[in-house]
$ cat structure_0.cif   # mmCIF, C-alpha atoms and all ligand atoms
data_my_file
#
loop_
_atom_site.label_atom_id
_atom_site.label_comp_id
_atom_site.auth_asym_id
_atom_site.auth_seq_id
_atom_site.Cartn_x
_atom_site.Cartn_y
_atom_site.Cartn_z
CA MET S 30 -30.24 18.68 13.67
CA THR S 31 -28.39 21.89 14.59
CA GLU S 32 -25.13 22.06 16.52
CA LYS S 33 -27.00 23.23 19.64
CA ARG S 34 -29.25 20.20 19.83
CA LEU S 35 -26.47 17.62 19.46
CA LYS S 36 -25.40 16.91 23.02
CA ARG S 37 -24.43 13.28 23.32
CA ILE S 38 -22.68 11.06 20.77
CA GLY S 39 -22.23 7.31 21.21
CA LEU S 40 -19.04 5.84 19.73
CA LEU S 41 -18.20 2.21 19.09
CA THR S 42 -15.67 0.11 17.22
CA GLY S 43 -17.05 -3.13 15.73
CA GLY S 44 -15.64 -6.20 13.97
CA GLY S 45 -11.98 -7.17 13.98
CA ASP S 46 -9.49 -4.72 15.47
CA CYS S 47 -7.57 -2.67 12.95
CA PRO S 48 -4.62 -0.24 13.11
CA GLY S 49 -6.00 3.31 13.27
CA LEU S 50 -9.10 2.68 15.41
CA ASN S 51 -7.65 4.68 18.29
CA ALA S 52 -6.81 7.52 15.92
CA VAL S 53 -10.51 7.58 14.90
CA ILE S 54 -11.64 7.57 18.54
CA ARG S 55 -9.32 10.50 19.18
CA GLY S 56 -10.43 12.20 15.94
CA VAL S 57 -14.06 12.00 17.08
CA ALA S 58 -13.68 12.74 20.78
CA LYS S 59 -11.22 15.66 20.68
CA PRO S 60 -13.24 18.04 18.48
CA ALA S 61 -16.57 16.84 19.89
CA ILE S 62 -15.55 17.53 23.50
CA GLN S 63 -13.20 20.51 23.02
CA ASP S 64 -14.82 22.46 20.21
CA HIS S 65 -18.49 21.56 20.44
CA GLY S 66 -19.07 20.69 24.10
CA ILE S 67 -20.56 17.34 23.11
CA THR S 68 -20.41 14.41 25.53
CA VAL S 69 -18.89 11.33 23.92
CA VAL S 70 -20.09 8.01 25.28
CA GLY S 71 -17.71 5.17 24.47
CA ILE S 72 -19.42 1.81 24.02
CA GLU S 73 -17.34 -1.20 25.02
CA ASP S 74 -16.77 -4.19 22.73
CA GLY S 75 -18.84 -3.04 19.76
CA PHE S 76 -22.52 -3.96 19.38
CA GLU S 77 -22.12 -6.74 21.95
CA GLY S 78 -21.37 -4.14 24.63
CA PHE S 79 -24.18 -1.92 23.31
CA VAL S 80 -26.76 -4.72 23.75
CA GLU S 81 -25.43 -5.31 27.26
CA GLY S 82 -25.35 -1.59 28.07
CA ARG S 83 -21.62 -1.47 28.78
CA MET S 84 -20.65 2.14 28.11
CA ARG S 85 -18.87 5.07 29.73
CA GLU S 86 -18.32 8.76 29.11
CA LEU S 87 -14.93 9.53 27.58
CA SER S 88 -12.79 12.35 28.89
CA ARG S 89 -10.10 14.29 27.03
CA THR S 90 -7.49 12.38 29.02
CA ASP S 91 -8.93 9.07 27.84
CA VAL S 92 -8.19 9.99 24.23
CA SER S 93 -4.81 11.67 24.71
CA GLY S 94 -1.65 9.96 23.52
CA ILE S 95 -3.44 7.15 21.66
CA ILE S 96 -2.90 8.06 18.00
CA GLY S 97 -0.06 5.57 17.59
CA LEU S 98 -1.64 2.77 19.60
CA GLY S 99 -2.84 -0.38 17.84
CA GLY S 100 -6.14 -2.07 18.71
CA THR S 101 -8.97 -0.05 20.23
CA ILE S 102 -9.23 1.38 23.74
CA LEU S 103 -12.98 0.67 23.57
CA GLY S 104 -12.59 -3.02 22.80
CA THR S 105 -14.41 -4.71 19.92
CA SER S 106 -16.25 -7.89 18.98
CA ASN S 107 -17.32 -9.62 15.80
CA LYS S 108 -20.05 -11.59 17.57
CA GLY S 109 -22.60 -9.00 18.63
CA ASP S 110 -24.98 -8.47 15.67
CA PRO S 111 -28.05 -7.20 17.61
CA PHE S 112 -30.41 -8.55 14.92
CA HIS S 113 -28.79 -11.97 15.12
CA TYR S 114 -27.67 -12.06 18.71
CA PRO S 115 -26.25 -15.28 20.17
CA ILE S 116 -27.36 -16.23 23.68
CA GLU S 117 -26.81 -19.35 25.77
CA GLY S 118 -30.11 -21.31 25.61
CA ILE S 119 -31.09 -24.62 27.22
CA ASN S 120 -30.20 -26.46 24.03
CA GLY S 121 -26.97 -24.55 23.35
CA ILE S 122 -26.56 -21.30 21.40
CA GLU S 123 -29.81 -19.59 20.38
CA ILE S 124 -30.02 -16.65 17.99
CA VAL S 125 -32.41 -13.87 19.05
CA ASP S 126 -33.29 -10.30 17.99
CA ALA S 127 -31.74 -8.03 20.64
CA SER S 128 -32.14 -4.79 18.66
CA GLN S 129 -34.85 -3.37 20.97
CA LYS S 130 -32.64 -4.01 23.99
CA LEU S 131 -29.89 -2.02 22.26
CA MET S 132 -32.35 0.79 21.36
CA LYS S 133 -33.30 0.99 25.04
CA HIS S 134 -29.66 1.70 25.97
CA TYR S 135 -29.40 4.23 23.15
CA LYS S 136 -32.38 6.13 24.53
CA GLY S 137 -31.52 5.49 28.18
CA TRP S 138 -28.09 7.10 27.75
CA GLY S 139 -29.72 10.06 25.99
CA LEU S 140 -27.71 9.61 22.81
CA ASP S 141 -28.47 11.90 19.88
CA CYS S 142 -26.48 9.76 17.47
CA LEU S 143 -24.09 6.84 17.14
CA ILE S 144 -20.77 6.90 15.31
CA ALA S 145 -20.09 3.29 14.35
CA THR S 146 -16.61 2.42 13.12
CA GLY S 147 -16.34 -0.93 11.39
CA GLY S 148 -16.29 -3.01 8.25
CA ASP S 149 -19.15 -4.28 6.09
CA GLY S 150 -20.73 -6.23 9.00
CA THR S 151 -20.89 -3.07 11.12
CA MET S 152 -22.26 -1.05 8.18
CA HIS S 153 -25.03 -3.61 7.51
CA ILE S 154 -26.04 -3.46 11.20
CA SER S 155 -25.84 0.36 11.12
CA LYS S 156 -28.17 0.49 8.12
CA LYS S 157 -30.74 -1.61 9.97
CA LEU S 158 -30.42 0.46 13.15
CA GLY S 159 -31.03 3.57 11.03
CA GLU S 160 -34.25 1.95 9.84
CA LEU S 161 -35.26 1.56 13.51
CA GLY S 162 -34.85 5.30 13.97
CA MET S 163 -31.29 5.58 15.27
CA ASN S 164 -29.20 8.50 14.00
CA ILE S 165 -26.13 6.78 12.62
CA ILE S 166 -22.84 7.88 11.09
CA GLY S 167 -20.55 5.15 9.74
CA VAL S 168 -16.75 5.19 9.63
CA PRO S 169 -15.22 2.50 7.39
CA LYS S 170 -12.36 0.44 8.77
CA THR S 171 -10.86 -2.83 7.65
CA ILE S 172 -7.46 -4.15 6.75
CA ASP S 173 -9.23 -6.01 3.89
CA ASN S 174 -10.03 -2.77 1.99
CA ASP S 175 -13.19 -4.44 0.65
CA LEU S 176 -15.73 -1.61 1.10
CA ASP S 177 -16.73 -0.32 -2.30
CA ALA S 178 -17.95 3.15 -1.34
CA THR S 179 -14.53 4.37 -0.22
CA ASP S 180 -11.30 4.33 -2.21
CA GLN S 181 -9.42 3.12 0.85
CA THR S 182 -10.07 2.10 4.45
CA PHE S 183 -7.56 2.82 7.19
CA GLY S 184 -5.69 -0.23 8.46
CA PHE S 185 -5.05 -1.47 4.94
CA ASP S 186 -1.82 0.48 4.50
CA THR S 187 -0.45 -0.90 7.78
CA ALA S 188 -1.43 -4.47 6.89
CA CYS S 189 0.27 -4.15 3.48
CA SER S 190 3.44 -2.74 5.05
CA ILE S 191 3.66 -5.58 7.56
CA ALA S 192 2.96 -8.22 4.90
CA SER S 193 5.50 -6.80 2.44
CA GLU S 194 8.14 -6.64 5.17
CA ALA S 195 7.35 -10.28 5.97
CA ILE S 196 7.89 -11.19 2.30
CA ASP S 197 11.26 -9.37 2.37
CA ARG S 198 12.24 -11.48 5.35
CA LEU S 199 11.08 -14.71 3.71
CA HIS S 200 13.35 -13.94 0.74
CA THR S 201 16.32 -14.44 3.08
CA THR S 202 15.45 -18.03 3.97
CA GLY S 203 14.12 -18.76 0.48
CA SER S 204 17.34 -17.72 -1.22
CA SER S 205 19.69 -19.21 1.39
CA HIS S 206 17.97 -22.62 1.48
CA HIS S 207 16.75 -22.63 -2.15
CA ARG S 208 13.17 -23.18 -1.06
CA VAL S 209 9.71 -22.22 -2.22
CA MET S 210 8.32 -19.91 0.46
CA VAL S 211 4.54 -19.62 0.63
CA ILE S 212 2.98 -16.83 2.68
CA GLU S 213 -0.75 -16.73 3.50
CA VAL S 214 -2.20 -13.28 4.16
CA MET S 215 -5.67 -12.12 5.24
CA GLY S 216 -8.36 -10.30 3.24
CA ARG S 217 -11.45 -12.56 3.26
CA TYR S 218 -13.11 -12.50 -0.20
CA ALA S 219 -10.80 -9.74 -1.50
CA GLY S 220 -7.22 -10.10 -2.67
CA TRP S 221 -6.07 -6.55 -1.93
CA ILE S 222 -3.53 -7.34 0.79
CA ALA S 223 -2.00 -10.24 -1.17
CA LEU S 224 -1.85 -8.15 -4.34
CA MET S 225 -0.30 -5.02 -2.85
CA ALA S 226 2.06 -6.79 -0.44
CA GLY S 227 2.96 -9.28 -3.17
CA ILE S 228 3.90 -6.50 -5.61
CA ALA S 229 5.76 -4.51 -2.94
CA GLY S 230 7.62 -7.59 -1.71
CA GLY S 231 8.48 -8.87 -5.19
CA ALA S 232 6.55 -12.16 -4.94
CA ASP S 233 6.84 -14.49 -7.93
CA ILE S 234 3.28 -15.79 -7.75
CA ILE S 235 0.26 -14.02 -6.23
CA LEU S 236 -2.93 -16.00 -5.69
CA ILE S 237 -6.13 -14.03 -5.02
CA PRO S 238 -9.84 -14.91 -4.76
CA GLU S 239 -10.70 -12.81 -7.83
CA ILE S 240 -8.50 -15.02 -10.05
CA PRO S 241 -9.16 -18.72 -9.36
CA PHE S 242 -5.88 -20.46 -10.13
CA LYS S 243 -4.83 -23.57 -12.06
CA TRP S 244 -2.45 -25.87 -10.20
CA SER S 245 -0.54 -26.58 -13.44
CA ALA S 246 0.23 -22.86 -13.88
CA VAL S 247 1.53 -22.58 -10.32
CA PHE S 248 3.78 -25.65 -10.63
CA GLN S 249 5.05 -24.58 -14.04
CA ARG S 250 6.06 -21.12 -12.84
CA VAL S 251 7.98 -22.52 -9.88
CA ILE S 252 9.73 -25.14 -12.03
CA GLU S 253 10.59 -22.56 -14.73
CA ARG S 254 12.24 -20.36 -12.13
CA SER S 255 14.19 -23.29 -10.76
CA THR S 256 15.42 -24.43 -14.19
CA ARG S 257 16.37 -20.82 -15.06
CA GLY S 258 18.65 -20.83 -12.05
CA ASN S 259 16.41 -18.84 -9.69
CA ARG S 260 16.78 -21.28 -6.89
CA PHE S 261 13.85 -20.01 -4.81
CA SER S 262 10.31 -18.72 -5.30
CA ILE S 263 7.94 -16.63 -3.20
CA VAL S 264 4.21 -17.38 -3.41
CA CYS S 265 1.88 -14.87 -1.77
CA VAL S 266 -1.57 -16.39 -1.18
CA ALA S 267 -4.71 -14.56 -0.04
CA GLU S 268 -6.65 -16.58 2.53
CA GLY S 269 -9.72 -16.51 0.23
CA ALA S 270 -7.83 -17.72 -2.88
CA LYS S 271 -8.90 -21.01 -4.38
CA ALA S 272 -8.04 -23.36 -7.22
CA ALA S 273 -10.53 -23.13 -10.09
CA ASP S 274 -11.85 -26.63 -9.45
CA GLU S 275 -11.86 -26.49 -5.63
CA GLU S 276 -13.73 -24.76 -2.81
CA VAL S 277 -12.23 -22.07 -0.55
CA VAL S 278 -10.35 -23.46 2.43
CA ILE S 279 -12.07 -22.65 5.71
CA LYS S 280 -10.76 -23.02 9.25
CA GLU S 281 -14.16 -23.05 10.97
CA THR S 282 -17.73 -21.76 10.88
CA ASP S 283 -19.12 -20.14 13.99
CA ILE S 284 -22.77 -19.00 14.02
CA LYS S 285 -22.01 -16.47 16.79
CA ARG S 286 -19.90 -14.40 14.42
CA THR S 287 -21.39 -11.63 12.24
CA ASP S 288 -19.64 -13.41 9.34
CA PRO S 289 -19.72 -17.09 10.39
CA ILE S 290 -16.87 -18.10 8.06
CA ARG S 291 -13.30 -18.04 9.33
CA PHE S 292 -10.80 -18.52 6.50
CA GLY S 293 -7.44 -20.26 6.86
CA GLY S 294 -5.42 -23.16 5.47
CA ILE S 295 -4.98 -22.39 1.77
CA GLY S 296 -1.29 -21.48 2.29
CA GLU S 297 -0.45 -24.90 3.73
CA HIS S 298 -2.50 -26.60 0.98
CA VAL S 299 -0.58 -24.70 -1.74
CA ALA S 300 2.77 -25.46 -0.06
CA GLN S 301 1.99 -29.18 0.17
CA ARG S 302 0.87 -29.46 -3.45
CA ILE S 303 3.97 -27.58 -4.71
CA SER S 304 6.26 -29.80 -2.68
CA GLU S 305 4.54 -33.01 -3.87
CA GLU S 306 4.36 -32.02 -7.55
CA THR S 307 7.72 -30.29 -8.03
CA GLY S 308 9.89 -32.03 -5.47
CA LEU S 309 11.15 -28.61 -4.32
CA GLU S 310 11.52 -27.98 -0.62
CA THR S 311 8.62 -25.75 0.42
CA ARG S 312 7.61 -23.93 3.61
CA CYS S 313 4.45 -22.07 4.55
CA THR S 314 4.12 -19.02 6.82
CA VAL S 315 0.69 -17.82 7.92
CA LEU S 316 1.00 -14.16 8.82
CA GLY S 317 -2.33 -14.05 10.68
CA HIS S 318 -3.08 -11.33 13.18
CA LEU S 319 0.41 -9.80 12.98
CA GLN S 320 -1.12 -7.97 9.98
CA ARG S 321 -3.53 -6.02 12.10
CA GLY S 322 -1.51 -5.76 15.31
CA GLY S 323 0.61 -2.91 16.59
CA SER S 324 1.12 0.64 15.58
CA PRO S 325 -0.58 2.12 12.47
CA THR S 326 1.51 3.64 9.66
CA ALA S 327 1.60 7.44 9.33
CA TYR S 328 -0.81 7.16 6.38
CA ASP S 329 -3.37 5.22 8.43
CA ARG S 330 -3.05 7.59 11.40
CA VAL S 331 -3.80 10.56 9.16
CA LEU S 332 -6.65 8.88 7.27
CA ALA S 333 -8.24 7.65 10.53
CA THR S 334 -7.95 11.13 12.06
CA ARG S 335 -9.60 12.70 8.99
CA PHE S 336 -12.37 10.08 9.08
CA GLY S 337 -13.00 10.72 12.79
CA THR S 338 -13.18 14.50 12.51
CA LYS S 339 -15.36 14.22 9.38
CA ALA S 340 -17.78 11.94 11.26
CA VAL S 341 -18.25 14.67 13.89
CA GLU S 342 -18.88 17.25 11.14
CA LEU S 343 -21.52 14.97 9.59
CA ALA S 344 -23.18 14.43 12.97
CA ILE S 345 -23.34 18.18 13.57
CA GLU S 346 -24.79 18.73 10.09
CA GLY S 347 -27.38 16.03 10.85
CA LYS S 348 -26.23 13.96 7.87
CA PHE S 349 -27.35 10.72 9.46
CA GLY S 350 -27.40 7.41 7.60
CA HIS S 351 -24.13 8.40 5.90
CA MET S 352 -20.70 6.82 5.99
CA VAL S 353 -17.47 8.78 5.78
CA SER S 354 -15.65 7.98 2.56
CA LEU S 355 -12.38 8.74 0.77
CA ARG S 356 -12.79 9.68 -2.87
CA GLY S 357 -9.49 10.38 -4.57
CA THR S 358 -7.71 12.54 -2.03
CA HIS S 359 -10.86 14.05 -0.58
CA VAL S 360 -12.83 12.87 2.46
CA SER S 361 -16.59 13.11 1.88
CA SER S 362 -19.56 10.86 2.62
CA VAL S 363 -21.96 8.37 0.99
CA PRO S 364 -25.27 6.88 2.14
CA ILE S 365 -24.61 3.74 4.22
CA ALA S 366 -27.08 1.87 1.97
CA GLU S 367 -24.77 2.58 -0.97
CA ALA S 368 -21.72 1.58 1.04
CA VAL S 369 -23.03 -1.92 1.77
CA ALA S 370 -24.46 -2.56 -1.68
CA LYS S 371 -21.27 -3.88 -3.24
CA GLN S 372 -17.95 -5.38 -2.19
CA ARG S 373 -14.78 -3.77 -3.46
CA LEU S 374 -12.81 -6.50 -5.22
CA VAL S 375 -9.65 -6.52 -7.33
CA SER S 376 -10.41 -6.07 -11.02
CA ARG S 377 -8.78 -9.08 -12.68
CA ASP S 378 -7.99 -7.15 -15.86
CA GLY S 379 -7.23 -3.88 -14.09
CA GLU S 380 -4.16 -1.71 -14.31
CA ILE S 381 -2.60 -3.02 -11.08
CA ILE S 382 -2.76 -6.64 -12.23
CA ARG S 383 -1.36 -5.67 -15.65
CA SER S 384 1.50 -3.83 -13.96
CA ALA S 385 2.31 -6.87 -11.79
CA ARG S 386 2.25 -9.15 -14.84
CA ALA S 387 4.51 -6.72 -16.70
CA VAL S 388 7.23 -7.20 -14.09
CA GLY S 389 6.94 -10.97 -14.35
CA MET S 390 4.55 -11.89 -11.55
CA GLY S 391 2.21 -14.83 -12.11
CA PHE S 392 -1.38 -15.19 -10.92
CA GLY S 393 -1.82 -18.90 -11.53
CA ASP S 394 -4.07 -18.37 -14.57
CA GLU S 395 -1.38 -18.45 -17.26
CA ASP S 396 -1.51 -21.03 -20.09
O1 LIG S 401 -11.77 -8.59 8.35
C1 LIG S 401 -10.51 -8.52 8.94
C2 LIG S 401 -9.94 -9.89 9.14
O2 LIG S 401 -8.63 -9.76 9.66
C3 LIG S 401 -9.92 -10.77 7.88
O3 LIG S 401 -8.90 -10.44 6.99
C4 LIG S 401 -9.82 -12.15 8.48
O4 LIG S 401 -10.36 -13.13 7.64
C5 LIG S 401 -10.66 -12.02 9.73
O5 LIG S 401 -10.70 -10.64 10.06
C6 LIG S 401 -10.12 -12.80 10.88
O6 LIG S 401 -11.02 -12.72 11.93
P1 LIG S 401 -10.67 -13.17 13.40
O7 LIG S 401 -9.77 -12.13 14.02
O8 LIG S 401 -11.98 -13.21 14.08
O9 LIG S 401 -10.00 -14.50 13.33
#

$ encode --input "structure_0.cif" --output "structure tokens"
Amino acid sequence: MTEKRLKRIGLLTGGGDCPGLNAVIRGVAKPAIQDHGITVVGIEDGFEGFVEGRMRELSRTDVSGIIGLGGTILGTSNKGDPFHYPIEGINGIEIVDASQKLMKHYKGWGLDCLIATGGDGTMHISKKLGELGMNIIGVPKTIDNDLDATDQTFGFDTACSIASEAIDRLHTTGSSHHRVMVIEVMGRYAGWIALMAGIAGGADIILIPEIPFKWSAVFQRVIERSTRGNRFSIVCVAEGAKAADEEVVIKETDIKRTDPIRFGGIGEHVAQRISEETGLETRCTVLGHLQRGGSPTAYDRVLATRFGTKAVELAIEGKFGHMVSLRGTHVSSVPIAEAVAKQRLVSRDGEIIRSARAVGMGFGDED
């Protein structure tokens, strides 16, 4: 498609909110409207709003002054998979295929393409919509950093900064009260936030899904520190971490969600077991949505801006079915199919883990 023929772009943000989404919206809308005379149609609340036809044209004023704002001015939802769409039926929630309804809105609004910003759920949906004939460009976002086809997603840097600051603050109470302080951070099946925040915050033990842990190793490390005279310990636990002989701890399952599993509870479980087995006073803090709330870091603002402007370039070049991607320091693109093929997980024998071990951090797998 040539620049002339591209007249109307749809734009949505899907999945959980994430610091930097507004910077992407701005990064798409400013060049599209100002430099290319393209109309940008903002879709409310992700794919849910698309199925329901809730959308509006964005003006330059709408996207001014939003680079530092957290959340998304368009709203988002993690419940609106059009191919697996929950509706209220006579016998409760029914799951239907609402993709044709969505396609009707796509055509009805005269869209030439859709720029979909989201995590792996959004990219899976985007791939399927591409197969139905929609012109799609993906923009990867997630604090979890678990998309394999990009070296980093925006939102991750902010989440790590917030989590490492939280660990700094927990040191205060830990050292004053001589307690074991457990902090549970997000990340789903990936341990990136726990690993990076744990290293940055100087945690003593980091538990991540990629390294199932042994309870004995966790207790031993805490006791060793205590007998050495270190009268407190910090344990940073990823929500998806699990003991080798146990299942992951889940808060709830909800079939309306694109990913039905909602993690939560491993931090409290770890704190309870440490307290019971070592006799040391232990507290648990669940950082929760503070990790993705508020203003993005400078790094995330810049990355999100680059992703947004690149998405417009790809749309103009007609490079549909591609997702924007960071490779090294360069922003390029990969086919969406490639982007959803594999999750990006921490390599358990990788350089980052070795570095953390070298400065004395434990991962609960030591003999
Ligand atoms: O994918 C981002 C994320 O924050 C995960 O780290 C977390 O498991 C999940 O979303 C929480 O989802 P919700 O906001 O729906 O509780």

$ closest_residue --input "structure_0.cif" --among "S:His200, S:Lys339, S:Arg330, S:Arg85" --to "S:Ala61" --atoms "only C-alpha atoms"
S:Lys339

$ closest_atom_pairs --input "structure_0.cif" --of "chain S" --to "ligand LIG 401 (chain S)" --cutoff "7 Å" --atoms "all atoms listed in the file" --output "JSON lines"
{"residue": "S:Gly45", "atom": "CA", "partner": "S:LIG401", "partner_atom": "O5", "distance": 5.4}
{"residue": "S:Asn107", "atom": "CA", "partner": "S:LIG401", "partner_atom": "O8", "distance": 6.7}
{"residue": "S:Thr171", "atom": "CA", "partner": "S:LIG401", "partner_atom": "C1", "distance": 5.8}
{"residue": "S:Ile172", "atom": "CA", "partner": "S:LIG401", "partner_atom": "C1", "distance": 5.8}
{"residue": "S:Asp173", "atom": "CA", "partner": "S:LIG401", "partner_atom": "O3", "distance": 5.4}
{"residue": "S:Met215", "atom": "CA", "partner": "S:LIG401", "partner_atom": "O3", "distance": 4.0}
{"residue": "S:Gly216", "atom": "CA", "partner": "S:LIG401", "partner_atom": "O3", "distance": 3.8}
{"residue": "S:Arg217", "atom": "CA", "partner": "S:LIG401", "partner_atom": "O4", "distance": 4.5}
{"residue": "S:Arg291", "atom": "CA", "partner": "S:LIG401", "partner_atom": "O4", "distance": 6.0}
{"residue": "S:Phe292", "atom": "CA", "partner": "S:LIG401", "partner_atom": "O4", "distance": 5.5}
{"residue": "S:His318", "atom": "CA", "partner": "S:LIG401", "partner_atom": "O2", "distance": 6.8}
{"residue": "S:Arg321", "atom": "CA", "partner": "S:LIG401", "partner_atom": "O2", "distance": 6.8}

$ residues_around --input "structure_0.cif" --residues "stretch 118-122 of chain S" --least-positions-apart "3" --cutoff "10 Å" --atoms "all atoms listed in the file" --output "PyMOL selection string"
chain S and resi 114-115+125+284-285

$ residues_near_point --input "structure_0.cif" --point "(-11.6, 14.9, 14.3)" --cutoff "6 Å" --atoms "only C-alpha atoms" --output "PyMOL selection string"
chain S and resi 56-57+60+334+337-338

$ write_last_selection --input "structure_0.cif" --atoms "C-alpha atoms" --output "mmCIF file, in the frame of the given file"
data_model
loop_
_atom_site.group_PDB
_atom_site.id
_atom_site.type_symbol
_atom_site.label_atom_id
_atom_site.label_comp_id
_atom_site.auth_asym_id
_atom_site.auth_seq_id
_atom_site.Cartn_x
_atom_site.Cartn_y
_atom_site.Cartn_z
ATOM 1 C CA GLY S 56 -10.430 12.200 15.940
ATOM 2 C CA VAL S 57 -14.060 12.000 17.080
ATOM 3 C CA PRO S 60 -13.240 18.040 18.480
ATOM 4 C CA THR S 334 -7.950 11.130 12.060
ATOM 5 C CA GLY S 337 -13.000 10.720 12.790
ATOM 6 C CA THR S 338 -13.180 14.500 12.510
#

$ atom_distance --input "structure_0.cif" --atom1 "atom CA of S:Ile38" --atom2 "atom CA of S:Asp177"
26.4 Å

$ atom_distance --input "structure_0.cif" --atom1 "atom CA of S:Glu306" --atom2 "atom CA of S:Ala246"
11.9 Å

$ closest_residue --input "structure_0.cif" --among "S:Gly350, S:Gly269, S:Gly49, S:Gly104" --to "S:Glu73" --atoms "only C-alpha atoms"
S:Gly104

$ closest_residue --input "structure_0.cif" --among "S:Lys59, S:Gly43, S:Tyr135, S:Glu123" --to "S:Glu81" --atoms "only C-alpha atoms"
S:Tyr135

$ closest_atom_pairs --input "structure_0.cif" --of "stretch 320-393 of chain S" --to "stretch 220-226 of chain S" --cutoff "10 Å" --atoms "only C-alpha atoms" --output "tab-separated table"
residue	atom	partner	partner_atom	distance
S:Gln320	CA	S:Ile222	CA	9.5
S:Arg373	CA	S:Trp221	CA	9.3
S:Leu374	CA	S:Gly220	CA	7.1
S:Val375	CA	S:Gly220	CA	6.4
S:Ser376	CA	S:Gly220	CA	9.8
S:Ile381	CA	S:Leu224	CA	8.5
S:Ile382	CA	S:Leu224	CA	8.1
S:Ala385	CA	S:Leu224	CA	8.6
S:Phe392	CA	S:Leu224	CA	9.6

$ atom_distance --input "structure_0.cif" --atom1 "atom CA of S:Thr202" --atom2 "atom CA of S:Gln249"
21.8 Å

$ residues_around --input "structure_0.cif" --residues "stretch 150-154 of chain S" --least-positions-apart "6" --cutoff "9 Å" --atoms "only C-alpha atoms" --output "list of chain:residue names"
S:Thr42, S:Gly43, S:Gly44, S:Gly75, S:Phe76, S:Asn107, S:Asp110, S:Pro111, S:Phe112, S:Gly167, S:Val168, S:Pro169, S:Thr287, S:Asp288, S:Met352, S:Ile365, S:Ala366, S:Ala368, S:Val369

$ residues_around --input "structure_0.cif" --residues "stretch 353-362 of chain S" --least-positions-apart "2" --cutoff "12 Å" --atoms "only C-alpha atoms" --output "ChimeraX atom specification"
/S:53,144-147,152,165-170,174,176-183,331-344,348-351,364-368

$ closest_residue --input "structure_0.cif" --among "S:Asn164, S:Leu50, S:Gly97, S:Arg198" --to "S:Ile345" --atoms "only C-alpha atoms"
S:Asn164

$ residues_around --input "structure_0.cif" --residues "S:His207" --least-positions-apart "4" --cutoff "8 Å" --atoms "all atoms listed in the file" --output "list of chain:residue names"
S:Thr202, S:Gly203, S:Arg260, S:Phe261, S:Glu310

$ residues_around --input "structure_0.cif" --residues "S:Arg89" --least-positions-apart "5" --cutoff "12 Å" --atoms "only C-alpha atoms" --output "count of residues only"
18

$ closest_residue --input "structure_0.cif" --among "S:Glu346, S:Glu213, S:Asp378, S:Glu281" --to "S:Val299" --atoms "all atoms listed in the file"
S:Glu213

$ residues_near_point --input "structure_0.cif" --point "(-1.4, -4.6, 8.1)" --cutoff "8 Å" --atoms "all atoms listed in the file" --output "list of chain:residue names"
S:Pro48, S:Ile172, S:Gly184, S:Phe185, S:Asp186, S:Thr187, S:Ala188, S:Cys189, S:Ser190, S:Ile191, S:Ala192, S:Leu319, S:Gln320, S:Arg321, S:Gly322

$ closest_residue --input "structure_0.cif" --among "S:Gly391, S:Gly82, S:Glu253, S:Pro289" --to "S:Gly231" --atoms "only C-alpha atoms"
S:Gly391

$ decode --input "structure_0.cif" --residues "stretch 92-99 of chain S" --atoms "N, CA, C and O atoms" --output "JSON list (two decimals), in the first residue's frame"
[["chain", "number", "residue", "atom", "x", "y", "z"],
["S", 92, "VAL", "N", -3.76, 13.97, 21.90],
["S", 92, "VAL", "CA", -2.50, 13.26, 22.17],
["S", 92, "VAL", "C", -1.37, 14.19, 22.62],
["S", 92, "VAL", "O", -0.21, 13.80, 22.67],
["S", 93, "SER", "N", -1.73, 15.42, 22.96],
["S", 93, "SER", "CA", -0.71, 16.36, 23.44],
["S", 93, "SER", "C", -0.57, 16.25, 24.95],
["S", 93, "SER", "O", -1.58, 16.10, 25.65],
["S", 94, "GLY", "N", 0.65, 16.34, 25.42],
["S", 94, "GLY", "CA", 0.89, 16.37, 26.87],
["S", 94, "GLY", "C", 0.64, 15.04, 27.56],
["S", 94, "GLY", "O", 0.37, 15.01, 28.76],
["S", 95, "ILE", "N", 0.74, 13.92, 26.84],
["S", 95, "ILE", "CA", 0.42, 12.63, 27.48],
["S", 95, "ILE", "C", 1.64, 11.71, 27.61],
["S", 95, "ILE", "O", 1.52, 10.61, 28.12],
["S", 96, "ILE", "N", 2.81, 12.18, 27.17],
["S", 96, "ILE", "CA", 3.96, 11.26, 27.15],
["S", 96, "ILE", "C", 4.31, 10.72, 28.54],
["S", 96, "ILE", "O", 4.74, 9.58, 28.69],
["S", 97, "GLY", "N", 4.11, 11.53, 29.55],
["S", 97, "GLY", "CA", 4.48, 11.10, 30.90],
["S", 97, "GLY", "C", 3.34, 10.47, 31.69],
["S", 97, "GLY", "O", 3.51, 10.10, 32.85],
["S", 98, "LEU", "N", 2.19, 10.35, 31.05],
["S", 98, "LEU", "CA", 1.02, 9.81, 31.77],
["S", 98, "LEU", "C", 1.03, 8.29, 31.79],
["S", 98, "LEU", "O", 1.24, 7.65, 30.76],
["S", 99, "GLY", "N", 0.73, 7.71, 32.96],
["S", 99, "GLY", "CA", 0.59, 6.26, 33.05],
["S", 99, "GLY", "C", -0.73, 5.82, 32.45],
["S", 99, "GLY", "O", -1.53, 6.65, 32.01]]
